[in-house]
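A short write-up of the structure that comes next.
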Number of protein chains: 2
Amino acid sequence: MKPFHPAPGSVGVVKPQKARFTTPLSLKSGAVLPAFELVFETYGELNASGSNAVLVCHALAGNHHVAGLSADAPQQAGWWDNLVGPGKPLDTNQFFVVGVNNLGGCYGSTGPVSINPETGKPYGADFPLLTVDDWVAAQARLADHLGIDCWAAVIGGSLGGMQALEWTLQFPDRIRHALVIASAPQLSAQNIAFNEVARQAILSDPDFHSGHYYEHGTVPARGLRLARMIGHITYLSNDQMGEKFGRQLKHGARSFSYGADFEIESYLRYQGDKFATSFDANTYLLTTRALDYFDPAHAYGGDLQAALARAKADFFVASFSTDWRFSPGRSREIVYALLHNRRNVSYAEIDCASGHDSFLLDNPHYHAAIAAYLERIEL
Amino acid sequence: MKPFHPAPGSVGVVKPQKARFTTPLSLKSGAVLPAFELVFETYGELNASGSNAVLVCHALAGNHHVAGLSADAPQQAGWWDNLVGPGKPLDTNQFFVVGVNNLGGCYGSTGPVSINPETGKPYGADFPLLTVDDWVAAQARLADHLGIDCWAAVIGGSLGGMQALEWTLQFPDRIRHALVIASAPQLSAQNIAFNEVARQAILSDPDFHSGHYYEHGTVPARGLRLARMIGHITYLSNDQMGEKFGRQLKHGARSFSYGADFEIESYLRYQGDKFATSFDANTYLLTTRALDYFDPAHAYGGDLQAALARAKADFFVASFSTDWRFSPGRSREIVYALLHNRRNVSYAEIDCASGHDSFLLDNPHYHAAIAAYLERIEL
């Protein structure tokens with residue numbers, strides 16, 4: 001008889017849930033949010049001891065819909081559906097997996113599009129700026145709500161990896177494993193520069209109306225579109241862009257116009273247009289600012305080793321060879337700081353052509369490394 | 001008695017000159033320009049045999065004011081003043097140096113801001129799109145006007161280097177030496193992507209009015225500002241940006257706003273604002289498009305060696321270690337293609353932290369290499 005292997009599959013159709021929190025949340029900016037809601041999804045079953053819970057943190061444009069098919073949009077698989085499901089590397093037969101839309105998001109959690117109870121109008125630009133610390137503090141409320149004292153693991157890529165790292169610092173006793181993927185201990189000046197240009201594109205869009213565009217019935221679509229186009233350049237590797245698009249002329253010849261002569265132009269315009277109609281500009285702004293501000297070493301005079309000394313979790317850190325947004329060197333900074341603190345760290349530097357976006361793809365070496373790491377976790 | 005060395009110095013105050021050409025110029029797009037003017041400056045003296053003339057070609061935001069102080073703006077030194085002058089690497093005691101504002105430019109040569117004789121209004125968006133070939137064809141008219149049969153050398157960095165290369169292909173008998181610096185044989189998909197986002201910033205600016213903003217009394221300053229900010233990220237190296245600006249907070253603490261918290265934000269805003277009030281958006285558009293279109297190998301099925309077979313000049317090619325816009329690998333493509341054609345090529349890969357902008361700086365190794373190469377030229 002062959003040993004039983006559950007077929008790799010989907011978690012199926014998932015319904016998002018909402019949790020409301022009425023204890024005020026003090027934010028790093030000094031602002032206080034009197035109450036807030038988080039939208040989330042769960043996959044798999046929480047075991048009796050509550051020891052098999054895994055939190056998935058999303059990146060800039062992500063949300064709570066991590067895996068399976070959404071009840072609201074059945075054609076749309078979750079953004080990490082290749083990783084999360086029965087028999088997949090993050091195996092929902094083993095783990096109770098939670099996806100959450102961060103505070104300040106635009107997919108159902110309280111954010112700039114929500115009604116400000118003080119004014120009866122959308123918060124807009126009055127929504128307080130947030131930090132990665134604030135997101136983790138809000139996620140801890142969700143853990144309480146779900147009866148999870150300690151996460152078996154918190155996992156995320158890019159900005160999601162920063163949240164996983166922050167969990168080990170803010171709640172060292174509530175996380176056993178942190179999986180920090182394609183991330184960095186802080187943005188570089190160049191990273192901030194790209195964020196700044198994206199923000200200026202939005203802030204200078206006449207339809208932005210200082211962030212109160214909802215009341216004006218407008219959307220700063222031009223700005224959001226440019227922001228997304230800039231972002232996409234940094235998500236792909238130079239080599240992959242060359243291989244995928246090259247200098248291919250769409251219509252065989254130069255048009256001597258500013259139309260989309262080159263395939264890469266079409267691609268960027270398409271990505272920009274799609275994003276401009278599906279994402280909220282205020283959320284984009286505050287998320288890029290949270291990225292800029294993330295810097296656990298700052299309070300330790302720039303000493304990352306000192307900053308990470310209070311972490312107790314075990315770590316899985318992964319980076320991708322062609323990622324120039326958060327290069328392997330940035331992940332190694334985290335690895336070295338953890339090793340100097342005598343933490344258990346597994347580090348995988350994955351050879352993958354797809355740049356920063358690699359963390360979303362199902363590269364077999366990458367997925368095998370995550371699967372192997374997660375299999376070790378005692379439940 | 002000490003040997004005489006002319007003190008490195010300035011060419012002094014220079015007056016721009018203008019030349020008008022009334023023989024129609026057929027452009028690569030199929031359009032014909034019935035007449036045009038070029039504004040230029042010269043430094044040094046043309047010798048009797050006309051054998052000491054050097055043409056300096058400018059890059060994206062450059063112009064004819066290469067060296068010395070402008071009579072119109074005495075505080076503004078030429079953009080390559082550190083290279084060009086008496087006793088400098090491009091020594092005006094030896095050479096007759098010509099700087100020219102390219103056709104389609106916005107510093108005095110015929111371009112989108114010029115009056116279209118057919119309408120009596122500025123050309124605006126009706127100015128024909130140009131290619132690097134067209135620029136070189138126009139520069140050849142200027143050579144005729146100045147009585148220069150054959151340039152001792154044509155030199156340029158970045159887009160200027162592409163013009164130097166194009167000279168060797170279009171007029172192989174009118175150029176003895178080409179100095180191709182921080183350049184590339186064609187843009188990569190990533191290069192085109194950055195140009196495309198910059199163009200979209202301008203094209204989508206409501207003040208652009210489809211390129212006819214002069215008539216509307218507006219300037220697409222928002223778009224130009226964003227375009228320049230994006231450009232500046234690609235001109236500096238990641239390392240240099242880190243060293244120069246790092247994560248330095250301007251006011252010591254986070255403002256929890258979208259103000260310029262980080263030094264790099266201030267820098268980009270300053271550069272963007274300055275450019276938006278001094279450069280013409282239509283010129284920016286057509287110049288980036290000429291960059292996209294430059295591809296001498298295209299007509300040879302992508303075979304650069306075949307494309308460069310007709311060049312007769314000797315070559316000096318230089319690149320900079322931290323230039324990620326036109327990396328050393330792109331210069332090496334040119335070098336290999338020339339060597340396979342048995343051309344004389346000197347190649348210098350300069351170790352310099354300043355990224356693409358290095359070609360404008362007075363790095364001593366770089367300047368020594370240019371000086372040594374130019375000293376070899378027989379006059």
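Chain labels run A, B, ... following the order of the structure tokens; each chain numbers its residues from 1, and ligands are numbered from 1 in the order shown.
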Counting only C-alpha atoms, which residues of chain B fall within 7 Å of chain A, and what is the closest atom pair for each with its distance in Å at one decimal, ordered by chain and rising number, as a tab-separated table?
residue	atom	partner	partner_atom	distance
B:Ser29	CA	A:Phe256	CA	6.2
B:Leu129	CA	A:Phe256	CA	5.9
B:Ser188	CA	A:Gly242	CA	6.5
B:Ala189	CA	A:Gly246	CA	5.2
B:Gln190	CA	A:Asn238	CA	5.9
B:Ala193	CA	A:Ile264	CA	6.4
B:Glu196	CA	A:Glu265	CA	6.4
B:Val197	CA	A:Met229	CA	6.5
B:Ala201	CA	A:Leu226	CA	6.8
B:Ser204	CA	A:Arg222	CA	6.6
B:Arg222	CA	A:Ser204	CA	6.6
B:Leu226	CA	A:Val197	CA	6.6
B:Met229	CA	A:Val197	CA	6.5
B:Ile230	CA	A:Val197	CA	6.7
B:Ile233	CA	A:Ala193	CA	6.9
B:Asn238	CA	A:Gln190	CA	5.9
B:Met241	CA	A:Ala189	CA	6.0
B:Gly242	CA	A:Ala189	CA	5.3
B:Phe245	CA	A:Ala189	CA	6.5
B:Gly246	CA	A:Ala189	CA	5.2
B:Arg247	CA	A:Ala189	CA	5.9
B:Phe256	CA	A:Leu129	CA	5.9
B:Ile264	CA	A:Ala193	CA	6.4
B:Glu265	CA	A:Glu196	CA	6.3
Keeping N, CA and C atoms, export the residues of the selection given above as a CSV table (one decimal), in the first residue's frame.
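Dumped to part-v9.csv:
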chain,number,residue,atom,x,y,z
B,29,SER,N,11.9,59.7,-38.9
B,29,SER,CA,10.4,59.5,-38.7
B,29,SER,C,9.7,59.6,-40.1
B,129,LEU,N,9.3,63.9,-33.8
B,129,LEU,CA,10.2,63.1,-32.9
B,129,LEU,C,11.5,62.8,-33.6
B,188,SER,N,18.2,49.0,-22.2
B,188,SER,CA,17.6,47.7,-21.7
B,188,SER,C,16.1,48.0,-21.5
B,189,ALA,N,15.4,46.9,-21.3
B,189,ALA,CA,14.0,47.0,-20.9
B,189,ALA,C,13.8,47.8,-19.7
B,190,GLN,N,14.7,47.7,-18.7
B,190,GLN,CA,14.6,48.4,-17.5
B,190,GLN,C,14.9,49.9,-17.7
B,193,ALA,N,11.8,51.2,-19.2
B,193,ALA,CA,10.8,51.3,-18.2
B,193,ALA,C,10.9,52.6,-17.4
B,196,GLU,N,9.7,55.4,-19.5
B,196,GLU,CA,8.3,55.3,-19.7
B,196,GLU,C,7.5,55.9,-18.5
B,197,VAL,N,7.9,55.6,-17.3
B,197,VAL,CA,7.3,56.2,-16.1
B,197,VAL,C,7.5,57.7,-16.1
B,201,ALA,N,4.4,60.4,-16.4
B,201,ALA,CA,4.3,61.5,-15.4
B,201,ALA,C,4.0,62.8,-16.1
B,204,SER,N,0.5,62.6,-18.4
B,204,SER,CA,-0.8,62.5,-17.6
B,204,SER,C,-0.9,63.8,-16.7
B,222,ARG,N,4.4,69.5,-12.5
B,222,ARG,CA,4.3,68.3,-11.6
B,222,ARG,C,4.9,67.1,-12.3
B,226,LEU,N,8.4,65.0,-11.3
B,226,LEU,CA,8.4,63.6,-11.0
B,226,LEU,C,9.4,62.9,-11.9
B,229,MET,N,12.9,63.4,-10.6
B,229,MET,CA,13.1,62.7,-9.4
B,229,MET,C,13.4,61.2,-9.7
B,230,ILE,N,12.6,60.6,-10.6
B,230,ILE,CA,12.9,59.3,-11.0
B,230,ILE,C,14.3,59.1,-11.7
B,233,ILE,N,17.2,59.1,-9.2
B,233,ILE,CA,17.5,57.8,-8.5
B,233,ILE,C,18.4,56.9,-9.4
B,238,ASN,N,23.4,53.1,-5.6
B,238,ASN,CA,22.8,52.8,-4.3
B,238,ASN,C,23.7,53.1,-3.2
B,241,MET,N,24.2,56.8,-2.6
B,241,MET,CA,23.0,57.4,-2.0
B,241,MET,C,23.0,57.1,-0.5
B,242,GLY,N,23.4,55.8,-0.1
B,242,GLY,CA,23.4,55.4,1.3
B,242,GLY,C,24.5,56.2,2.0
B,245,PHE,N,23.3,60.2,1.9
B,245,PHE,CA,22.0,60.6,2.6
B,245,PHE,C,21.6,59.6,3.7
B,246,GLY,N,21.9,58.3,3.5
B,246,GLY,CA,21.6,57.3,4.5
B,246,GLY,C,20.1,57.4,4.9
B,247,ARG,N,19.9,57.2,6.2
B,247,ARG,CA,18.5,57.3,6.7
B,247,ARG,C,18.5,58.5,7.6
B,256,PHE,N,5.7,61.9,11.3
B,256,PHE,CA,4.4,61.2,11.1
B,256,PHE,C,3.6,62.1,10.1
B,264,ILE,N,17.2,62.3,1.8
B,264,ILE,CA,17.1,61.9,0.4
B,264,ILE,C,15.8,62.5,-0.1
B,265,GLU,N,14.8,62.6,0.7
B,265,GLU,CA,13.5,63.2,0.2
B,265,GLU,C,13.7,64.7,-0.2
Neighbour list for region 67-76 of chain A as a PyMOL selection string, cut-off 12 Å, only C-alpha atoms, skip fewer than 3 positions in-chain: chain A and resi 9-17+40-44+56+62-64+79-86+88+90-92+97-100
Residue contacts of Ser51 (chain A) (12 Å, only C-alpha atoms) excluding same-chain residues fewer than 5 positions away, as a ChimeraX atom specification: /A:45-46,94-97,147-153,174-177,377-379
Long-range neighbours of Lys121 (chain B) as a list of chain:residue names, 12 Å cut-off, only C-alpha atoms, 2 positions minimum in chain: B:Pro112, B:Val113, B:Ser114, B:Ile115, B:Asn116, B:Pro117, B:Glu118, B:Thr119, B:Tyr123, B:Gly124, B:Ala125, B:Asp126, B:Phe127, B:His212, B:Tyr213, B:Tyr214, B:Glu215, B:His216
Restricted to C-alpha atoms, what would the selected residues look like written as an mmCIF file, in the first residue's frame?
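After the write, out.cif holds the following:
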data_model
loop_
_atom_site.group_PDB
_atom_site.id
_atom_site.type_symbol
_atom_site.label_atom_id
_atom_site.label_comp_id
_atom_site.auth_asym_id
_atom_site.auth_seq_id
_atom_site.Cartn_x
_atom_site.Cartn_y
_atom_site.Cartn_z
ATOM 1 C CA PRO B 112 9.209 72.327 -29.494
ATOM 2 C CA VAL B 113 9.337 75.822 -27.968
ATOM 3 C CA SER B 114 10.281 77.366 -31.357
ATOM 4 C CA ILE B 115 7.714 78.972 -33.595
ATOM 5 C CA ASN B 116 6.338 76.617 -36.246
ATOM 6 C CA PRO B 117 6.480 78.682 -39.452
ATOM 7 C CA GLU B 118 3.372 76.896 -40.727
ATOM 8 C CA THR B 119 1.178 78.010 -37.826
ATOM 9 C CA TYR B 123 5.523 73.670 -32.374
ATOM 10 C CA GLY B 124 4.701 72.036 -29.036
ATOM 11 C CA ALA B 125 3.649 68.460 -29.607
ATOM 12 C CA ASP B 126 3.813 68.995 -33.383
ATOM 13 C CA PHE B 127 7.587 69.085 -33.309
ATOM 14 C CA HIS B 212 0.357 72.364 -26.393
ATOM 15 C CA TYR B 213 0.788 73.839 -22.912
ATOM 16 C CA TYR B 214 2.542 76.973 -24.222
ATOM 17 C CA GLU B 215 -0.735 78.113 -25.760
ATOM 18 C CA HIS B 216 -2.554 77.374 -22.501
#
Two-atom distance - CA of Val345 (chain A), CA of Phe320 (chain A) (Å):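 CA of Phe320 (chain A) lies 16.9 Å from CA of Val345 (chain A).
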Atom pair CA of Asp303 (chain A) / CA of Asp133 (chain A): separation (Å):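 Going from CA of Asp303 (chain A) over to CA of Asp133 (chain A), I get 18.3 Å.
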Who sits within 10 Å of Ala184 (chain B), only C-alpha atoms, same chain under 5 positions skipped, as a JSON list (two decimals) with all heavy atoms, in the first residue's frame:
[["chain", "number", "residue", "atom", "x", "y", "z"],
["B", 157, "GLY", "N", 29.10, 61.60, -22.96],
["B", 157, "GLY", "CA", 28.76, 60.64, -21.92],
["B", 157, "GLY", "C", 27.29, 60.30, -22.01],
["B", 157, "GLY", "O", 26.46, 61.12, -22.42],
["B", 158, "SER", "N", 26.93, 59.07, -21.68],
["B", 158, "SER", "CA", 25.53, 58.64, -21.65],
["B", 158, "SER", "C", 24.93, 58.77, -23.05],
["B", 158, "SER", "O", 25.49, 58.27, -24.01],
["B", 158, "SER", "CB", 24.78, 59.46, -20.59],
["B", 158, "SER", "OG", 23.51, 58.93, -20.33],
["B", 159, "LEU", "N", 23.84, 59.50, -23.18],
["B", 159, "LEU", "CA", 23.26, 59.75, -24.50],
["B", 159, "LEU", "C", 24.27, 60.44, -25.43],
["B", 159, "LEU", "O", 24.25, 60.24, -26.65],
["B", 159, "LEU", "CB", 22.01, 60.61, -24.32],
["B", 159, "LEU", "CG", 21.28, 61.11, -25.55],
["B", 159, "LEU", "CD1", 20.88, 59.97, -26.47],
["B", 159, "LEU", "CD2", 20.03, 61.89, -25.13],
["B", 161, "GLY", "N", 27.43, 59.75, -25.51],
["B", 161, "GLY", "CA", 28.26, 58.66, -26.03],
["B", 161, "GLY", "C", 27.60, 57.95, -27.20],
["B", 161, "GLY", "O", 28.27, 57.51, -28.15],
["B", 162, "MET", "N", 26.27, 57.85, -27.14],
["B", 162, "MET", "CA", 25.54, 57.24, -28.26],
["B", 162, "MET", "C", 25.72, 58.07, -29.53],
["B", 162, "MET", "O", 25.84, 57.53, -30.63],
["B", 162, "MET", "CB", 24.05, 57.11, -27.92],
["B", 162, "MET", "CG", 23.77, 56.11, -26.80],
["B", 162, "MET", "SD", 22.02, 56.14, -26.32],
["B", 162, "MET", "CE", 21.98, 54.76, -25.14],
["B", 165, "LEU", "N", 29.14, 57.40, -30.93],
["B", 165, "LEU", "CA", 29.12, 56.11, -31.62],
["B", 165, "LEU", "C", 28.42, 56.23, -32.97],
["B", 165, "LEU", "O", 28.89, 55.72, -33.99],
["B", 165, "LEU", "CB", 28.43, 55.07, -30.73],
["B", 165, "LEU", "CG", 28.32, 53.64, -31.27],
["B", 165, "LEU", "CD1", 29.70, 53.06, -31.58],
["B", 165, "LEU", "CD2", 27.60, 52.74, -30.25],
["B", 294, "PHE", "N", 17.31, 54.36, -29.91],
["B", 294, "PHE", "CA", 18.69, 54.14, -30.36],
["B", 294, "PHE", "C", 19.04, 52.65, -30.29],
["B", 294, "PHE", "O", 18.95, 52.03, -29.23],
["B", 294, "PHE", "CB", 19.68, 54.94, -29.51],
["B", 294, "PHE", "CG", 21.12, 54.78, -29.93],
["B", 294, "PHE", "CD1", 21.57, 55.32, -31.13],
["B", 294, "PHE", "CD2", 22.03, 54.08, -29.14],
["B", 294, "PHE", "CE1", 22.90, 55.17, -31.53],
["B", 294, "PHE", "CE2", 23.35, 53.93, -29.53],
["B", 294, "PHE", "CZ", 23.79, 54.48, -30.72],
["B", 295, "ASP", "N", 19.44, 52.08, -31.39],
["B", 295, "ASP", "CA", 19.73, 50.64, -31.42],
["B", 295, "ASP", "C", 20.37, 50.29, -32.77],
["B", 295, "ASP", "O", 19.75, 49.67, -33.63],
["B", 295, "ASP", "CB", 18.42, 49.85, -31.23],
["B", 295, "ASP", "CG", 18.66, 48.36, -31.04],
["B", 295, "ASP", "OD1", 19.83, 47.95, -30.96],
["B", 295, "ASP", "OD2", 17.66, 47.63, -30.96],
["B", 319, "SER", "N", 33.68, 53.24, -18.62],
["B", 319, "SER", "CA", 32.49, 52.98, -17.81],
["B", 319, "SER", "C", 32.87, 53.13, -16.34],
["B", 319, "SER", "O", 34.05, 53.25, -16.00],
["B", 319, "SER", "CB", 31.96, 51.58, -18.08],
["B", 319, "SER", "OG", 32.90, 50.62, -17.61],
["B", 325, "ARG", "N", 22.74, 52.41, -14.31],
["B", 325, "ARG", "CA", 21.92, 52.82, -15.46],
["B", 325, "ARG", "C", 22.52, 52.22, -16.74],
["B", 325, "ARG", "O", 21.85, 51.51, -17.46],
["B", 325, "ARG", "CB", 21.86, 54.35, -15.53],
["B", 325, "ARG", "CG", 20.94, 54.89, -16.60],
["B", 325, "ARG", "CD", 20.94, 56.41, -16.54],
["B", 325, "ARG", "NE", 20.16, 57.02, -17.60],
["B", 325, "ARG", "CZ", 18.86, 57.34, -17.52],
["B", 325, "ARG", "NH1", 18.20, 57.12, -16.40],
["B", 325, "ARG", "NH2", 18.24, 57.91, -18.53],
["B", 326, "PHE", "N", 23.79, 52.54, -16.98],
["B", 326, "PHE", "CA", 24.55, 51.93, -18.07],
["B", 326, "PHE", "C", 25.78, 51.27, -17.45],
["B", 326, "PHE", "O", 26.84, 51.90, -17.35],
["B", 326, "PHE", "CB", 24.94, 52.97, -19.13],
["B", 326, "PHE", "CG", 23.78, 53.61, -19.84],
["B", 326, "PHE", "CD1", 23.83, 54.93, -20.25],
["B", 326, "PHE", "CD2", 22.62, 52.88, -20.12],
["B", 326, "PHE", "CE1", 22.76, 55.53, -20.92],
["B", 326, "PHE", "CE2", 21.55, 53.48, -20.78],
["B", 326, "PHE", "CZ", 21.61, 54.80, -21.17],
["B", 327, "SER", "N", 25.62, 50.05, -17.04],
["B", 327, "SER", "CA", 26.66, 49.36, -16.29],
["B", 327, "SER", "C", 27.88, 49.09, -17.17],
["B", 327, "SER", "O", 27.79, 49.13, -18.40],
["B", 327, "SER", "CB", 26.12, 48.05, -15.75],
["B", 327, "SER", "OG", 25.95, 47.15, -16.83],
["B", 328, "PRO", "N", 29.03, 48.81, -16.56],
["B", 328, "PRO", "CA", 30.23, 48.46, -17.33],
["B", 328, "PRO", "C", 29.96, 47.36, -18.36],
["B", 328, "PRO", "O", 30.52, 47.40, -19.46],
["B", 328, "PRO", "CB", 31.21, 47.99, -16.24],
["B", 328, "PRO", "CG", 30.82, 48.81, -15.04],
["B", 328, "PRO", "CD", 29.32, 48.90, -15.11],
["B", 329, "GLY", "N", 29.09, 46.43, -18.04],
["B", 329, "GLY", "CA", 28.77, 45.37, -19.00],
["B", 329, "GLY", "C", 28.26, 45.90, -20.33],
["B", 329, "GLY", "O", 28.53, 45.33, -21.39],
["B", 330, "ARG", "N", 27.50, 47.01, -20.28],
["B", 330, "ARG", "CA", 26.97, 47.59, -21.52],
["B", 330, "ARG", "C", 28.11, 48.19, -22.35],
["B", 330, "ARG", "O", 28.10, 48.09, -23.58],
["B", 330, "ARG", "CB", 25.92, 48.68, -21.21],
["B", 330, "ARG", "CG", 24.74, 48.28, -20.35],
["B", 330, "ARG", "CD", 24.05, 46.99, -20.77],
["B", 330, "ARG", "NE", 23.73, 46.84, -22.17],
["B", 330, "ARG", "CZ", 22.62, 47.27, -22.78],
["B", 330, "ARG", "NH1", 21.69, 47.92, -22.09],
["B", 330, "ARG", "NH2", 22.41, 47.06, -24.06],
["B", 331, "SER", "N", 29.08, 48.83, -21.68],
["B", 331, "SER", "CA", 30.24, 49.37, -22.41],
["B", 331, "SER", "C", 31.06, 48.23, -23.00],
["B", 331, "SER", "O", 31.56, 48.34, -24.12],
["B", 331, "SER", "CB", 31.12, 50.21, -21.47],
["B", 331, "SER", "OG", 30.54, 51.48, -21.26],
["B", 332, "ARG", "N", 31.19, 47.15, -22.25],
["B", 332, "ARG", "CA", 31.98, 46.01, -22.75],
["B", 332, "ARG", "C", 31.35, 45.42, -24.01],
["B", 332, "ARG", "O", 32.06, 44.94, -24.89],
["B", 332, "ARG", "CB", 32.14, 44.95, -21.66],
["B", 332, "ARG", "CG", 33.28, 45.26, -20.70],
["B", 332, "ARG", "CD", 33.50, 44.13, -19.71],
["B", 332, "ARG", "NE", 33.32, 44.59, -18.35],
["B", 332, "ARG", "CZ", 32.46, 44.10, -17.47],
["B", 332, "ARG", "NH1", 31.66, 43.08, -17.81],
["B", 332, "ARG", "NH2", 32.37, 44.61, -16.27],
["B", 333, "GLU", "N", 30.01, 45.48, -24.10],
["B", 333, "GLU", "CA", 29.37, 45.01, -25.35],
["B", 333, "GLU", "C", 29.91, 45.79, -26.55],
["B", 333, "GLU", "O", 30.18, 45.21, -27.61],
["B", 333, "GLU", "CB", 27.85, 45.20, -25.29],
["B", 333, "GLU", "CG", 27.13, 44.29, -24.32],
["B", 333, "GLU", "CD", 25.63, 44.62, -24.26],
["B", 333, "GLU", "OE1", 25.01, 44.84, -25.32],
["B", 333, "GLU", "OE2", 25.08, 44.67, -23.14],
["B", 334, "ILE", "N", 30.04, 47.10, -26.37],
["B", 334, "ILE", "CA", 30.57, 47.95, -27.45],
["B", 334, "ILE", "C", 32.02, 47.57, -27.73],
["B", 334, "ILE", "O", 32.43, 47.41, -28.89],
["B", 334, "ILE", "CB", 30.45, 49.44, -27.07],
["B", 334, "ILE", "CG1", 28.98, 49.83, -26.86],
["B", 334, "ILE", "CG2", 31.11, 50.32, -28.13],
["B", 334, "ILE", "CD1", 28.78, 51.24, -26.30]]
Non-local contacts of Val136 (chain A) (9 Å; only C-alpha atoms; under 4 positions in same chain excluded) as a PyMOL selection string: chain A and resi 102+131-132+140-141+163-164+166-167+170-171
Include all heavy atoms and write out the residues we just selected as a compact mmCIF listing (two decimals), in the first residue's frame.
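See again_14.txt below for the written result:
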# COMPACT_ATOMS: atom_id res chain seq x y z
N ASN A 102 -4.08 44.50 7.16
CA ASN A 102 -3.54 45.36 8.20
C ASN A 102 -4.42 46.57 8.47
O ASN A 102 -5.14 47.06 7.58
CB ASN A 102 -2.14 45.83 7.82
CG ASN A 102 -1.08 44.80 8.16
OD1 ASN A 102 -1.27 43.99 9.07
ND2 ASN A 102 0.02 44.82 7.43
N THR A 131 2.89 52.57 12.01
CA THR A 131 4.21 51.95 11.90
C THR A 131 4.03 50.43 11.89
O THR A 131 2.96 49.91 12.20
CB THR A 131 5.11 52.32 13.09
OG1 THR A 131 4.51 51.77 14.27
CG2 THR A 131 5.25 53.82 13.24
N VAL A 132 5.10 49.74 11.56
CA VAL A 132 5.08 48.28 11.62
C VAL A 132 4.75 47.82 13.04
O VAL A 132 4.01 46.86 13.25
CB VAL A 132 6.42 47.71 11.12
CG1 VAL A 132 6.50 46.20 11.33
CG2 VAL A 132 6.64 48.05 9.64
N ALA A 140 -1.85 41.54 17.43
CA ALA A 140 -1.86 40.86 18.73
C ALA A 140 -3.29 40.86 19.31
O ALA A 140 -3.70 39.90 19.97
CB ALA A 140 -0.89 41.55 19.69
N ARG A 141 -4.04 41.94 19.03
CA ARG A 141 -5.44 41.96 19.46
C ARG A 141 -6.23 40.85 18.77
O ARG A 141 -7.08 40.21 19.37
CB ARG A 141 -6.08 43.31 19.09
CG ARG A 141 -5.44 44.52 19.74
CD ARG A 141 -5.89 44.68 21.18
NE ARG A 141 -5.37 45.91 21.71
CZ ARG A 141 -6.01 47.09 21.73
NH1 ARG A 141 -7.24 47.17 21.24
NH2 ARG A 141 -5.46 48.16 22.24
N GLN A 163 7.16 42.66 9.57
CA GLN A 163 6.18 42.41 10.64
C GLN A 163 6.54 41.14 11.42
O GLN A 163 6.44 41.11 12.65
CB GLN A 163 4.78 42.29 10.04
CG GLN A 163 4.28 43.59 9.44
CD GLN A 163 3.10 43.38 8.49
OE1 GLN A 163 2.07 42.86 8.88
NE2 GLN A 163 3.28 43.77 7.24
N ALA A 164 6.98 40.10 10.72
CA ALA A 164 7.40 38.87 11.41
C ALA A 164 8.56 39.18 12.36
O ALA A 164 8.57 38.73 13.52
CB ALA A 164 7.80 37.80 10.39
N GLU A 166 9.30 42.13 13.65
CA GLU A 166 8.80 43.00 14.73
C GLU A 166 8.05 42.19 15.79
O GLU A 166 8.12 42.52 16.98
CB GLU A 166 7.90 44.09 14.13
CG GLU A 166 7.19 44.98 15.14
CD GLU A 166 8.11 45.77 16.05
OE1 GLU A 166 9.27 46.01 15.68
OE2 GLU A 166 7.66 46.12 17.18
N TRP A 167 7.35 41.13 15.39
CA TRP A 167 6.68 40.26 16.36
C TRP A 167 7.68 39.70 17.38
O TRP A 167 7.40 39.62 18.57
CB TRP A 167 5.97 39.09 15.65
CG TRP A 167 4.50 39.31 15.47
CD1 TRP A 167 3.88 39.75 14.34
CD2 TRP A 167 3.48 39.11 16.45
NE1 TRP A 167 2.52 39.84 14.56
CE2 TRP A 167 2.26 39.45 15.84
CE3 TRP A 167 3.47 38.68 17.78
CZ2 TRP A 167 1.03 39.37 16.52
CZ3 TRP A 167 2.26 38.60 18.46
CH2 TRP A 167 1.06 38.95 17.83
N GLN A 170 8.53 42.80 19.78
CA GLN A 170 7.48 43.38 20.61
C GLN A 170 6.82 42.32 21.49
O GLN A 170 6.41 42.64 22.61
CB GLN A 170 6.43 44.04 19.68
CG GLN A 170 5.48 44.96 20.40
CD GLN A 170 4.50 45.69 19.44
OE1 GLN A 170 3.39 45.99 19.82
NE2 GLN A 170 4.94 45.96 18.22
N PHE A 171 6.72 41.12 21.01
CA PHE A 171 6.08 40.03 21.76
C PHE A 171 6.97 38.78 21.73
O PHE A 171 6.57 37.74 21.19
CB PHE A 171 4.71 39.70 21.18
CG PHE A 171 3.74 40.85 21.21
CD1 PHE A 171 3.40 41.52 20.04
CD2 PHE A 171 3.16 41.25 22.42
CE1 PHE A 171 2.49 42.58 20.07
CE2 PHE A 171 2.26 42.32 22.45
CZ PHE A 171 1.92 42.98 21.28
Who sits within 7 Å of Phe36 (chain A), only C-alpha atoms, same chain under 5 positions skipped, as an NGL selection string: :A and (20-22 or 110)
